[in-house]
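Encoded as structure tokens, the structure appears first; notes follow it.
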Amino acid sequence: MRKIIFMLAVLIANFTIEAQVKTPAPSPKSTINQTVGLTDVTVEYSRPSAKGRPVFGDLVPFGKLWRTGANQNSMVTFSEDVVIKGATLKKGKYAIFTTPKADMWEIIFYTDTENWGTPEKWDENKVAYKTNVDPITLGNNVETFTIAINNLTNDSATLDISWEKTMASIKFEVPTQKAALASINKVLAGPTASDYFSSAQYFYQSEGDLNKALEYVNKAISMAKADNVPFWHLRLKSLIQAKLGNKAGAIETARLSLAGAEKENNGDYVKMNNDSIKEWSKK
């Protein structure tokens, strides 16, 4: 009897799960991913529709803080610092809150993004940046609430908030030139110690050209200060030397790696070096 009841319970549970009704969301969620110059910008928001209702001054009251959309607060993420009206907004994720008025909108970037609607308790310390913009009257009607990133250049774009016949637009500048110059300078400066180490590691692990591996690891070591060579670089060099048949050189290098590992209290490398020295010292 218990077995029958259990099976019935399982069947009812499965039917309940499979029978869940799926319907369109009244305010569908939307995500925008846009690269501006070299800065990645993501906007996440929900899109209510007017459906014949007057919006600003009615559905969205004038002078009242608004989630800028529906459901969870709208959010924007910048991968780099951006500049708005001469002020720097640090890279990160922000809730977008607005206070619409007939002749002016206040736009707020808020650090707490975990809100369903507007915060229960407003905290001015979480306001990363706020500014006022003049609303723009549109010639066409926007039925569904829209946030877009428009007017793209290498150095700037606008975050445009549109609904009904009103748009609030805020321009932000991105550090394209700074990022591009940093990338150019890095590449033109040549490979780093990490690049040489990774190359040496690849040749060693893939059973490739060991002489080339030794050349690259030596270049990585030469780029460090004499008294601060990474012990893992020395460890790799000792392994390459041993595989090339130079056990005396491998032992000498392993002892240097051992000293560095002991200084940094890295037990794993201490053990590996001690084990290798013991193995390579056998006649």
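Chain labels run A, B, ... following the order of the structure tokens; each chain numbers its residues from 1, and ligands are numbered from 1 in the order shown.
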* Asked: Which residues come within 10 Å of Phe231 of chain A, counting only C-alpha atoms, excluding same-chain residues fewer than 3 positions away, as a list of chain:residue names?
  -> A:Ile221, A:Asn228, A:Leu234, A:Arg235, A:Leu236, A:Lys237, A:Thr253, A:Ala254, A:Arg255, A:Leu256, A:Ser257, A:Leu258, A:Ala259, A:Gly260, A:Ala261, A:Glu262, A:Lys263, A:Glu264, A:Asn266, A:Tyr269, A:Val270
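All residues of protein, DNA or RNA that reach within 8 Å of segment 57-73 of chain A, judged by only C-alpha atoms and not counting those fewer than 3 positions away in the chain, are Ser27, Tyr45, Ser46, Arg47, Pro48, Arg53, Pro54, Ala95, Ile96, Phe97, Thr98, Thr99, Pro100, Lys101, Ala102, Thr113, Glu114, Asn115, Trp116, Gly117, Thr118 and Phe145 of chain A.
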The selected residues should be written to file as a compact mmCIF listing (two decimals), in the first residue's frame (atoms: N, CA and C atoms).
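Resulting contents of again04.txt:
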```txt
# COMPACT_ATOMS: atom_id res chain seq x y z
N SER A 27 6.48 42.37 -18.89
CA SER A 27 7.60 43.29 -19.14
C SER A 27 8.85 42.45 -19.40
N TYR A 45 17.66 45.24 -18.28
CA TYR A 45 16.44 45.92 -17.84
C TYR A 45 15.21 45.20 -18.33
N SER A 46 14.05 45.55 -17.76
CA SER A 46 12.78 44.98 -18.19
C SER A 46 11.98 46.03 -18.96
N ARG A 47 11.16 45.59 -19.91
CA ARG A 47 10.54 46.50 -20.88
C ARG A 47 9.01 46.49 -20.80
N PRO A 48 8.42 47.35 -19.98
CA PRO A 48 6.96 47.46 -19.99
C PRO A 48 6.49 48.19 -21.24
N ARG A 53 -1.94 53.54 -22.11
CA ARG A 53 -1.92 54.34 -20.88
C ARG A 53 -1.01 55.54 -21.05
N PRO A 54 -1.36 56.71 -20.51
CA PRO A 54 -0.42 57.82 -20.47
C PRO A 54 0.72 57.48 -19.52
N ALA A 95 22.93 50.24 -10.52
CA ALA A 95 21.50 50.37 -10.77
C ALA A 95 21.26 51.76 -11.35
N ILE A 96 20.34 51.84 -12.30
CA ILE A 96 19.99 53.13 -12.89
C ILE A 96 18.64 53.56 -12.31
N PHE A 97 18.65 54.63 -11.54
CA PHE A 97 17.41 55.21 -11.04
C PHE A 97 17.24 56.59 -11.65
N THR A 98 16.01 56.97 -11.87
CA THR A 98 15.73 58.29 -12.43
C THR A 98 14.57 58.93 -11.68
N THR A 99 14.55 60.25 -11.71
CA THR A 99 13.41 61.01 -11.22
C THR A 99 12.94 61.90 -12.36
N PRO A 100 11.95 61.44 -13.12
CA PRO A 100 11.49 62.23 -14.27
C PRO A 100 10.65 63.43 -13.82
N LYS A 101 10.83 64.53 -14.52
CA LYS A 101 9.99 65.72 -14.36
C LYS A 101 9.66 66.23 -15.76
N ALA A 102 8.71 67.10 -15.85
CA ALA A 102 8.30 67.61 -17.16
C ALA A 102 9.44 68.33 -17.86
N THR A 113 22.79 47.08 -6.56
CA THR A 113 21.97 46.66 -7.70
C THR A 113 20.93 45.60 -7.33
N GLU A 114 20.91 45.17 -6.07
CA GLU A 114 19.99 44.11 -5.65
C GLU A 114 18.70 44.70 -5.10
N ASN A 115 17.92 45.30 -5.95
CA ASN A 115 16.65 45.90 -5.54
C ASN A 115 15.54 45.43 -6.46
N TRP A 116 14.38 45.14 -5.90
CA TRP A 116 13.22 44.87 -6.73
C TRP A 116 12.41 46.16 -6.75
N GLY A 117 12.63 46.92 -7.79
CA GLY A 117 12.05 48.27 -7.80
C GLY A 117 13.05 49.24 -7.22
N THR A 118 12.57 50.17 -6.40
CA THR A 118 13.45 51.14 -5.75
C THR A 118 13.82 50.63 -4.36
N PHE A 145 9.02 50.56 -23.45
CA PHE A 145 10.15 51.21 -22.79
C PHE A 145 11.48 50.69 -23.34
```
* To do: Considering only C-alpha atoms, state which residue in the set A:Ile147, A:Val41, A:Gly52, A:Gly139 is at the smallest distance from Tyr94 of chain A.
  =>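 Nearest candidate to Tyr94 of chain A out of A:Ile147, A:Val41, A:Gly52, A:Gly139: A:Val41.
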* To do: Using backbone DSSP assignments, extract all strand (DSSP E or B) residues from segment 22-266 of chain A; output them as a ChimeraX atom specification.
  => /A:29-36,39-46,49,56,60,66,74-78,82-84,87-89,92-100,105-110,127-133,136-150,156-173
* **Point-to-point distance in Å for atom CA of Glu252 of chain A and atom CA of Lys282 of chain A** =>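 It comes out at 14.5 Å.
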